[in-house]
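Shown next: target.csv, containing CSV, C-alpha atoms.
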chain,number,residue,atom,x,y,z
A,1,MET,CA,18.6,-3.6,25.1
A,2,PRO,CA,18.5,-1.2,22.1
A,3,SER,CA,18.8,-3.1,18.8
A,4,SER,CA,21.6,-0.8,17.7
A,5,ALA,CA,23.8,-2.0,20.6
A,6,LEU,CA,24.7,-5.1,18.7
A,7,PRO,CA,24.3,-4.4,15.1
A,8,THR,CA,26.8,-6.9,13.8
A,9,GLU,CA,27.3,-9.5,16.5
A,10,ALA,CA,24.2,-11.6,16.0
A,11,ARG,CA,24.8,-11.9,12.2
A,12,ALA,CA,27.8,-12.4,10.1
A,13,GLY,CA,28.3,-9.2,8.1
A,14,PRO,CA,30.4,-8.6,5.0
A,15,GLY,CA,34.0,-9.6,5.7
A,16,SER,CA,35.6,-6.6,4.1
A,17,PRO,CA,34.9,-3.3,2.2
A,18,ALA,CA,35.9,-5.2,-0.9
A,19,GLN,CA,33.0,-7.7,-0.3
A,20,LEU,CA,30.6,-4.8,0.2
A,21,PHE,CA,31.7,-3.3,-3.1
A,22,TRP,CA,31.3,-6.7,-4.9
A,23,VAL,CA,27.8,-7.5,-3.6
A,24,PHE,CA,26.5,-3.9,-4.2
A,25,SER,CA,27.9,-3.9,-7.7
A,26,GLN,CA,26.2,-7.2,-8.4
A,27,LEU,CA,22.8,-6.1,-7.2
A,28,ALA,CA,23.1,-2.8,-9.0
A,29,LEU,CA,23.9,-4.5,-12.3
A,30,ALA,CA,20.8,-6.8,-11.8
A,31,GLY,CA,18.5,-3.9,-11.0
A,32,PHE,CA,16.8,-3.0,-14.2
A,33,GLY,CA,14.0,-0.5,-13.4
A,34,GLY,CA,14.7,-0.5,-9.6
A,35,VAL,CA,17.4,-1.8,-7.3
A,36,LEU,CA,15.5,-1.9,-4.0
A,37,PRO,CA,13.6,-5.2,-4.4
A,38,ILE,CA,16.8,-6.9,-5.6
A,39,ALA,CA,18.8,-5.4,-2.7
A,40,GLU,CA,16.2,-6.8,-0.2
A,41,ASP,CA,16.4,-10.3,-1.7
A,42,ARG,CA,20.2,-10.3,-1.7
A,43,LEU,CA,21.0,-8.6,1.6
A,44,VAL,CA,18.3,-10.1,3.8
A,45,ARG,CA,17.7,-13.6,2.3
A,46,LYS,CA,20.9,-14.6,0.4
A,47,GLU,CA,23.7,-12.9,2.4
A,48,GLY,CA,21.8,-12.6,5.7
A,49,TRP,CA,23.7,-9.4,6.6
A,50,VAL,CA,20.6,-7.8,8.0
A,51,SER,CA,17.2,-9.0,9.3
A,52,ALA,CA,14.0,-8.0,7.4
A,53,GLN,CA,13.0,-5.6,10.2
A,54,ASP,CA,16.4,-4.0,10.2
A,55,PHE,CA,16.2,-3.6,6.4
A,56,LEU,CA,12.8,-1.9,6.8
A,57,GLU,CA,14.0,0.4,9.6
A,58,THR,CA,17.1,1.5,7.6
A,59,LEU,CA,15.0,2.1,4.5
A,60,ALA,CA,12.6,4.3,6.5
A,61,LEU,CA,15.5,6.5,7.6
A,62,ALA,CA,17.0,6.4,4.1
A,63,GLN,CA,13.7,7.6,2.7
A,64,VAL,CA,13.5,10.8,4.8
A,65,LEU,CA,17.0,11.8,3.9
A,66,PRO,CA,17.9,13.5,0.6
A,67,GLY,CA,19.4,11.3,-2.0
A,68,PRO,CA,18.4,8.1,-3.7
A,69,ASN,CA,17.0,5.6,-1.1
A,70,ILE,CA,19.2,2.8,-2.2
A,71,CYS,CA,22.4,5.0,-2.1
A,72,ASN,CA,21.6,6.1,1.4
A,73,MET,CA,21.0,2.5,2.4
A,74,ALA,CA,24.3,1.4,0.9
A,75,ILE,CA,26.1,4.2,2.9
A,76,MET,CA,24.3,3.3,6.2
A,77,LEU,CA,24.9,-0.4,5.9
A,78,GLY,CA,28.4,0.0,4.7
A,79,ASP,CA,29.1,2.5,7.6
A,80,ARG,CA,27.7,0.1,10.1
A,81,PHE,CA,29.9,-2.8,9.1
A,82,HIS,CA,33.1,-1.2,8.0
A,83,GLY,CA,32.9,2.6,8.9
A,84,THR,CA,33.6,5.3,6.3
A,85,ARG,CA,35.6,2.9,4.1
A,86,GLY,CA,32.7,0.4,4.1
A,87,ALA,CA,30.2,3.2,3.2
A,88,LEU,CA,32.4,4.4,0.3
A,89,ALA,CA,32.9,0.8,-1.0
A,90,ALA,CA,29.2,0.1,-1.0
A,91,LEU,CA,28.3,3.4,-2.7
A,92,ALA,CA,31.0,3.0,-5.3
A,93,GLY,CA,29.9,-0.6,-6.0
A,94,LEU,CA,26.3,0.6,-6.5
A,95,LEU,CA,27.2,3.5,-8.8
A,96,LEU,CA,30.3,2.9,-10.8
A,97,PRO,CA,29.9,-0.5,-12.5
A,98,PRO,CA,26.4,0.3,-13.9
A,99,LEU,CA,27.8,3.4,-15.5
A,100,LEU,CA,29.1,1.3,-18.4
A,101,PRO,CA,25.8,-0.1,-19.5
A,102,VAL,CA,24.1,3.3,-18.9
A,103,MET,CA,26.5,5.1,-21.2
A,104,LEU,CA,26.4,2.2,-23.7
A,105,LEU,CA,22.6,2.5,-23.8
A,106,ALA,CA,22.8,6.3,-24.2
A,107,PHE,CA,25.4,6.0,-27.0
A,108,LEU,CA,23.3,3.4,-28.8
A,109,TYR,CA,20.4,5.8,-28.5
A,110,SER,CA,22.3,8.8,-29.8
A,111,THR,CA,23.4,6.8,-32.8
A,112,TRP,CA,19.9,5.6,-33.6
A,113,ALA,CA,18.1,8.7,-32.5
A,114,ASP,CA,16.8,9.3,-36.0
A,115,SER,CA,15.2,5.9,-36.1
A,116,ALA,CA,11.4,6.1,-35.4
A,117,VAL,CA,11.6,2.6,-33.9
A,118,VAL,CA,14.2,3.5,-31.3
A,119,THR,CA,12.7,6.9,-30.4
A,120,GLY,CA,9.3,5.2,-30.2
A,121,ALA,CA,10.7,2.6,-27.8
A,122,LEU,CA,12.5,5.2,-25.6
A,123,ARG,CA,9.5,7.6,-25.5
A,124,ALA,CA,7.2,4.7,-24.5
A,125,MET,CA,9.7,3.6,-21.8
A,126,ALA,CA,9.7,7.1,-20.4
A,127,MET,CA,5.9,7.0,-20.2
A,128,ALA,CA,6.1,3.5,-18.5
A,129,ALA,CA,8.6,5.0,-16.0
A,130,ALA,CA,6.1,7.8,-15.3
A,131,GLY,CA,3.4,5.3,-14.6
A,132,LEU,CA,5.7,3.3,-12.3
A,133,ILE,CA,6.6,6.5,-10.4
A,134,LEU,CA,2.9,7.4,-10.0
A,135,ALA,CA,2.1,3.8,-8.7
A,136,MET,CA,5.0,4.0,-6.3
A,137,THR,CA,3.7,7.4,-5.1
A,138,LEU,CA,0.3,5.9,-4.4
A,139,ARG,CA,1.7,2.9,-2.6
A,140,LEU,CA,3.8,5.1,-0.4
A,141,SER,CA,0.9,7.5,0.3
A,142,LYS,CA,-0.9,4.5,1.9
A,143,ALA,CA,2.0,4.2,4.4
A,144,LEU,CA,1.3,7.7,5.7
A,145,LYS,CA,0.4,7.7,9.4
A,146,HIS,CA,-2.4,10.3,9.2
A,147,PRO,CA,-4.2,9.8,5.9
A,148,LYS,CA,-6.3,13.0,6.1
A,149,SER,CA,-3.8,15.7,7.2
A,150,ASP,CA,-0.8,14.0,5.5
A,151,GLY,CA,-2.9,13.6,2.3
A,152,LEU,CA,-3.8,17.3,2.4
A,153,ILE,CA,-0.1,18.2,2.8
A,154,ALA,CA,0.8,16.0,-0.2
A,155,CYS,CA,-1.9,17.7,-2.3
A,156,LEU,CA,-0.7,21.1,-1.2
A,157,MET,CA,2.8,20.1,-2.4
A,158,LEU,CA,1.4,18.9,-5.7
A,159,ALA,CA,-0.5,22.2,-6.2
A,160,ALA,CA,2.6,24.3,-5.3
A,161,LEU,CA,4.7,22.5,-7.9
A,162,LEU,CA,2.3,21.8,-10.7
A,163,LEU,CA,-0.3,24.6,-10.5
A,164,LEU,CA,1.8,27.4,-9.1
A,165,ARG,CA,5.0,26.2,-10.7
A,166,LEU,CA,7.0,27.2,-7.7
A,167,PRO,CA,10.7,26.3,-7.6
A,168,MET,CA,11.1,23.2,-5.4
A,169,LEU,CA,13.0,25.0,-2.6
A,170,TYR,CA,10.2,27.5,-2.1
A,171,ALA,CA,7.5,24.8,-2.2
A,172,LEU,CA,9.5,22.7,0.3
A,173,GLY,CA,10.0,25.7,2.6
A,174,LEU,CA,6.4,26.8,2.4
A,175,VAL,CA,4.6,23.4,2.6
A,176,GLY,CA,7.4,21.9,4.8
A,177,THR,CA,6.9,24.5,7.5
A,178,ILE,CA,3.2,23.6,7.7
A,179,SER,CA,3.9,19.9,7.7
A,180,LEU,CA,6.7,20.0,10.3
A,181,GLY,CA,4.6,22.3,12.4
A,182,LEU,CA,1.7,19.9,12.4
A,183,ALA,CA,4.0,17.0,13.2
A,184,TRP,CA,5.6,18.8,16.0
A,185,ARG,CA,2.2,19.8,17.5
A,186,ARG,CA,1.1,16.2,17.3
A,187,GLN,CA,4.4,15.0,18.9
A,188,SER,CA,4.1,17.4,21.9
A,189,LYS,CA,0.4,16.6,22.4
A,190,ARG,CA,1.3,12.9,22.7
A,191,LYS,CA,4.1,13.7,25.1
A,192,GLY,CA,2.2,16.2,27.3
B,1,MET,CA,10.1,16.2,-33.2
B,2,SER,CA,13.6,16.3,-31.7
B,3,ALA,CA,13.9,13.4,-29.3
B,4,THR,CA,17.6,13.2,-29.7
B,5,LEU,CA,20.3,12.8,-27.1
B,6,GLN,CA,23.4,14.7,-28.1
B,7,PHE,CA,26.8,13.2,-27.6
B,8,SER,CA,29.1,15.5,-29.5
B,9,LEU,CA,32.9,14.9,-29.1
B,10,GLU,CA,33.4,18.7,-29.7
B,11,ALA,CA,32.7,19.2,-26.0
B,12,LEU,CA,36.0,17.4,-25.3
B,13,SER,CA,38.2,19.9,-27.1
B,14,GLN,CA,37.3,22.9,-25.1
B,15,THR,CA,36.6,22.6,-21.4
B,16,ASP,CA,34.2,25.3,-20.2
B,17,TRP,CA,35.1,25.4,-16.5
B,18,GLY,CA,32.5,28.0,-15.7
B,19,LEU,CA,29.8,25.8,-17.1
B,20,LEU,CA,31.1,22.8,-15.1
B,21,LEU,CA,31.2,24.8,-11.9
B,22,ASP,CA,27.6,25.9,-12.5
B,23,LEU,CA,26.6,22.3,-13.1
B,24,LEU,CA,28.3,21.1,-10.0
B,25,ALA,CA,26.6,23.8,-7.9
B,26,HIS,CA,23.2,23.1,-9.4
B,27,PHE,CA,23.4,19.3,-9.0
B,28,ALA,CA,24.8,19.7,-5.5
B,29,GLY,CA,21.8,21.9,-4.7
B,30,LEU,CA,19.4,19.3,-6.1
B,31,SER,CA,21.2,16.6,-4.1
B,32,VAL,CA,20.5,18.3,-0.8
B,33,MET,CA,16.8,18.7,-1.9
B,34,SER,CA,16.3,15.2,-3.2
B,35,VAL,CA,14.2,13.9,-0.4
B,36,GLY,CA,12.5,10.8,-1.8
B,37,GLY,CA,15.1,10.1,-4.4
B,38,PHE,CA,16.5,12.0,-7.3
B,39,ILE,CA,13.3,11.5,-9.3
B,40,SER,CA,11.6,14.0,-7.0
B,41,VAL,CA,13.8,16.9,-8.2
B,42,VAL,CA,13.0,16.3,-11.8
B,43,PRO,CA,10.6,19.2,-11.9
B,44,GLU,CA,13.3,21.5,-10.5
B,45,MET,CA,15.9,20.1,-13.0
B,46,GLN,CA,13.5,20.7,-15.8
B,47,ARG,CA,12.8,24.2,-14.7
B,48,TYR,CA,16.6,25.1,-14.5
B,49,LEU,CA,18.1,23.0,-17.4
B,50,VAL,CA,15.3,23.2,-19.9
B,51,VAL,CA,13.3,26.3,-19.3
B,52,GLU,CA,15.8,28.7,-17.7
B,53,GLN,CA,19.2,27.8,-19.1
B,54,GLY,CA,18.2,25.9,-22.3
B,55,LEU,CA,21.1,23.4,-21.9
B,56,ILE,CA,19.0,20.5,-23.0
B,57,ASN,CA,15.4,20.2,-24.3
B,58,GLN,CA,12.4,18.5,-22.9
B,59,SER,CA,12.8,15.4,-25.0
B,60,GLN,CA,16.4,15.0,-24.1
B,61,LEU,CA,15.4,15.2,-20.4
B,62,ALA,CA,12.7,12.6,-20.9
B,63,ALA,CA,15.0,10.3,-22.8
B,64,SER,CA,17.7,10.6,-20.1
B,65,ILE,CA,15.1,9.7,-17.5
B,66,ALA,CA,14.1,6.7,-19.6
B,67,ILE,CA,17.7,5.5,-19.9
B,68,GLY,CA,18.2,6.0,-16.2
B,69,GLN,CA,15.2,3.9,-15.5
B,70,ALA,CA,15.8,1.3,-18.2
B,71,ALA,CA,19.5,0.7,-17.5
B,72,PRO,CA,20.6,-1.3,-14.5
B,73,GLY,CA,21.6,0.5,-11.4
B,74,PRO,CA,20.1,3.4,-9.4
B,75,ASN,CA,18.0,5.8,-11.4
B,76,VAL,CA,20.2,8.7,-10.2
B,77,GLN,CA,22.6,7.7,-13.1
B,78,LEU,CA,20.3,9.7,-15.4
B,79,VAL,CA,22.3,12.8,-14.2
B,80,ALA,CA,25.4,11.3,-15.8
B,81,VAL,CA,23.5,11.0,-19.1
B,82,ILE,CA,22.4,14.6,-18.8
B,83,GLY,CA,25.9,15.8,-17.8
B,84,TRP,CA,27.5,14.0,-20.8
B,85,GLN,CA,25.2,15.7,-23.2
B,86,ILE,CA,26.0,19.1,-21.8
B,87,ALA,CA,29.7,18.8,-21.3
B,88,GLY,CA,31.1,15.4,-22.3
B,89,PRO,CA,32.5,12.7,-20.0
B,90,LEU,CA,33.8,15.4,-17.6
B,91,GLY,CA,30.3,16.8,-17.4
B,92,ALA,CA,29.0,13.3,-16.6
B,93,ALA,CA,31.5,12.9,-13.8
B,94,ILE,CA,30.7,16.4,-12.4
B,95,THR,CA,26.9,16.0,-12.4
B,96,LEU,CA,27.1,12.5,-10.8
B,97,LEU,CA,29.6,13.8,-8.2
B,98,GLY,CA,27.4,16.8,-7.5
B,99,ALA,CA,24.2,14.7,-7.3
B,100,VAL,CA,25.6,12.1,-5.0
B,101,ALA,CA,28.4,13.6,-2.7
B,102,PRO,CA,26.2,16.0,-0.7
B,103,SER,CA,23.4,13.5,0.1
B,104,ALA,CA,25.9,10.8,0.8
B,105,THR,CA,27.7,13.0,3.3
B,106,ILE,CA,24.4,13.8,4.9
B,107,ALA,CA,23.4,10.1,5.1
B,108,LEU,CA,26.7,9.2,6.7
B,109,TRP,CA,26.4,11.9,9.3
B,110,ALA,CA,22.7,11.2,10.0
B,111,ASN,CA,23.5,7.5,10.3
B,112,ARG,CA,26.0,8.2,13.1
B,113,ILE,CA,23.6,10.6,14.9
B,114,GLY,CA,20.7,8.1,14.5
B,115,MET,CA,22.8,5.4,16.0
B,116,ARG,CA,23.6,7.6,19.0
B,117,HIS,CA,20.1,9.0,19.7
B,118,ASN,CA,17.7,6.3,18.7
B,119,GLN,CA,14.2,7.6,19.4
B,120,SER,CA,14.3,11.4,20.1
B,121,ALA,CA,11.2,13.5,19.7
B,122,PHE,CA,13.0,15.7,17.1
B,123,ILE,CA,13.9,12.8,14.8
B,124,GLU,CA,10.4,11.4,15.1
B,125,THR,CA,8.9,14.8,14.2
B,126,LEU,CA,11.2,15.1,11.2
B,127,ARG,CA,10.3,11.7,10.0
B,128,ALA,CA,6.5,12.3,10.3
B,129,GLY,CA,6.7,15.8,8.8
B,130,LEU,CA,8.8,14.9,5.8
B,131,ALA,CA,6.8,11.8,4.7
B,132,PRO,CA,3.8,13.6,3.1
B,133,LEU,CA,6.2,16.1,1.3
B,134,THR,CA,8.0,13.2,-0.3
B,135,VAL,CA,4.7,11.8,-1.6
B,136,GLY,CA,3.8,15.2,-3.1
B,137,LEU,CA,7.2,15.6,-4.7
B,138,MET,CA,7.2,12.1,-6.3
B,139,GLY,CA,3.6,12.6,-7.6
B,140,SER,CA,4.6,15.8,-9.2
B,141,ALA,CA,7.7,14.1,-10.8
B,142,GLY,CA,5.5,11.4,-12.3
B,143,TRP,CA,3.1,14.0,-13.6
B,144,VAL,CA,5.8,16.1,-15.2
B,145,VAL,CA,7.4,13.1,-17.0
B,146,GLY,CA,4.0,11.6,-17.9
B,147,SER,CA,2.7,14.8,-19.5
B,148,THR,CA,5.7,15.1,-21.8
B,149,GLU,CA,3.7,13.1,-24.5
B,150,ALA,CA,0.3,14.7,-23.8
B,151,ALA,CA,0.0,15.4,-27.5
B,152,HIS,CA,0.6,11.8,-28.5
B,153,TRP,CA,-2.2,9.6,-27.2
B,154,PRO,CA,-0.6,6.2,-28.3
B,155,LEU,CA,2.2,7.1,-25.9
B,156,LEU,CA,0.2,8.8,-23.3
B,157,LEU,CA,-1.8,5.6,-23.0
B,158,VAL,CA,1.3,3.8,-21.6
B,159,VAL,CA,1.2,5.9,-18.4
B,160,PRO,CA,-2.1,4.6,-16.9
B,161,LEU,CA,-1.4,1.1,-18.2
B,162,ALA,CA,2.0,1.0,-16.5
B,163,PHE,CA,0.5,2.5,-13.4
B,164,PHE,CA,-2.2,-0.1,-13.3
B,165,LEU,CA,0.1,-3.1,-13.9
B,166,SER,CA,2.5,-1.9,-11.2
B,167,TRP,CA,-0.2,-1.0,-8.8
B,168,ARG,CA,-1.8,-4.5,-9.1
B,169,LYS,CA,1.7,-6.0,-9.0
B,170,THR,CA,0.8,-7.9,-12.1
B,171,LEU,CA,4.2,-7.5,-13.6
B,172,SER,CA,7.7,-6.6,-12.3
B,173,PRO,CA,8.9,-3.0,-13.1
B,174,LEU,CA,11.5,-4.4,-15.5
B,175,VAL,CA,9.0,-6.4,-17.5
B,176,ILE,CA,6.6,-3.4,-17.7
B,177,VAL,CA,9.4,-1.1,-18.9
B,178,LEU,CA,10.6,-3.7,-21.5
B,179,CYS,CA,7.0,-4.3,-22.8
B,180,ALA,CA,6.5,-0.5,-23.1
B,181,GLY,CA,9.8,-0.4,-25.1
B,182,GLY,CA,8.5,-3.1,-27.5
B,183,TYR,CA,5.2,-1.4,-27.9
B,184,GLY,CA,6.9,2.0,-28.5
B,185,ALA,CA,9.2,0.4,-31.1
B,186,LEU,CA,6.2,-1.1,-32.9
B,187,ALA,CA,4.3,2.2,-32.7
B,188,GLY,CA,7.3,4.1,-34.1
B,189,TRP,CA,7.7,1.5,-36.9
B,190,GLN,CA,4.0,1.8,-37.8
B,191,GLY,CA,4.3,5.6,-37.8
B,192,TRP,CA,1.6,6.0,-35.1
B,193,LEU,CA,3.6,8.7,-33.5
Mind turning this structure into structure tokens?
Amino acid sequence: MPSSALPTEARAGPGSPAQLFWVFSQLALAGFGGVLPIAEDRLVRKEGWVSAQDFLETLALAQVLPGPNICNMAIMLGDRFHGTRGALAALAGLLLPPLLPVMLLAFLYSTWADSAVVTGALRAMAMAAAGLILAMTLRLSKALKHPKSDGLIACLMLAALLLLRLPMLYALGLVGTISLGLAWRRQSKRKG
Amino acid sequence: MSATLQFSLEALSQTDWGLLLDLLAHFAGLSVMSVGGFISVVPEMQRYLVVEQGLINQSQLAASIAIGQAAPGPNVQLVAVIGWQIAGPLGAAITLLGAVAPSATIALWANRIGMRHNQSAFIETLRAGLAPLTVGLMGSAGWVVGSTEAAHWPLLLVVPLAFFLSWRKTLSPLVIVLCAGGYGALAGWQGWL
């Protein structure tokens, strides 16, 4: 039986869109520097709305779609439990409550922008963020199915953006055609 | 050095609808392209907002990203900080709406298709073909942000350090970012920058 046939019956999901909003707003507000690990802890272990495997499968799909992974996951899980209203509730919970601390931080920064201490802190934090992005990139690259060809495609993408300074859409179109072509050939080889 | 975020209230008095419409269109375009998260379109955002239109400068962009990362919630909120600096609160609402609504609609639509056709060859191909592009996009985003301070080695040093600590899972991302903030404050106070 396909697992999607009984998405909610085996487990007790959120009772209402309001509960989705509430839980997603809580994990968003706790998510300094990244919401995903906190979401996993809350949704899988504490609330038990989804299994760990289900969480992983949803994340895999969320990652190949445009948009922030965690936003896409909120939409997918919300939709599964309570349809469009559930999707909107989860997304709103994720995005709206944290706006207040975000703007507060930005205002504080704009007031103290002349202070060398504050600019130093923010500039160093930006550099730390860059380091975190690069580490995450390397971690994800290890999950690629075909290290050689996929690694080459990733490097082509890097070269197109950083060396050739192509606009992203051109780079995506150019390298994406190669990548999808390779993936399609592999797929049809396996089938035929 | 001009690492200032600009929050002028003058932007409130005159609403530039043309500018808001441009912003909405630009961020909606970014939203559709933001495979791998909004951070992967930072290079494109930089090209358009900083280089081409001159709406914000490189330091403002870097500071906005830092706030998006440091503050709780999804990092995509950095677009609200950028929008506010360009066109006030309405600008923030417009950029956030533009950045989220298209990708959210796609996710909702894809979720329903995915629930119907679980393991088709087309969806598997798409999944396999997009993964390496995502890695390239994110690597380039990290590089663009990380090279902002190429001229200031006390700050540049933070990039490999944060990378290493995150890679070895020595510290949580929050602790790494907060430690970097403390170090940067000290460096600024001591006048190393």
#### Entry: Proximity to chain B - best of A:Gln63, A:Lys191, A:Gly83, A:Leu164, only C-alpha atoms
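Smallest distance to chain B is found for A:Gln63.
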### Message
Set the cut-off to 6 Å and count only C-alpha atoms: what are the residues of chain A that reach chain B? Output as a PyMOL selection string.
### Response
chain A and resi 28-29+31-33+63+65-69+72+76+98+102+110+113+116-118+120-121+124-128+130-135+137+150+154+157-158+168+179-180+183-184
### Task
Tell me, in Å to one decimal, how far CA of Ala171 in chain A is from CA of Lys189 in chain A.
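Between CA of Ala171 in chain A and CA of Lys189 in chain A the gap is 26.9 Å.
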### Summary
Nearest to Trp153 in chain B, restricted to all atoms listed in the file and choosing among A:Arg123, A:Val50, A:Gly151, A:Leu99, comes out as A:Arg123
### Task
One decimal, Å: what's the distance from CA of Phe55 in chain A over to CA of Ala74 in chain A, could you say?
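Answer for the CA of Phe55 in chain A to CA of Ala74 in chain A separation: 11.0 Å.
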### Polymer residues at most 12 Å from (32.4, -8.0, 0.8) by all atoms listed in the file, as a list in words
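Final list of nearby residues, as requested, is Ala12, Gly13, Pro14, Gly15, Ser16, Pro17, Ala18, Gln19, Leu20, Phe21, Trp22, Val23, Phe24, Ser25, Gln26, Leu43, Glu47, Trp49, Leu77, Gly78, Phe81, His82, Arg85, Gly86, Ala87, Ala89, Ala90 and Gly93 of chain A.
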### Query
How many Å separate CA of Ile86 in chain B from CA of Leu19 in chain B?
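Taking CA of Ile86 in chain B as the start and CA of Leu19 in chain B as the end point, the length is 9.0 Å.
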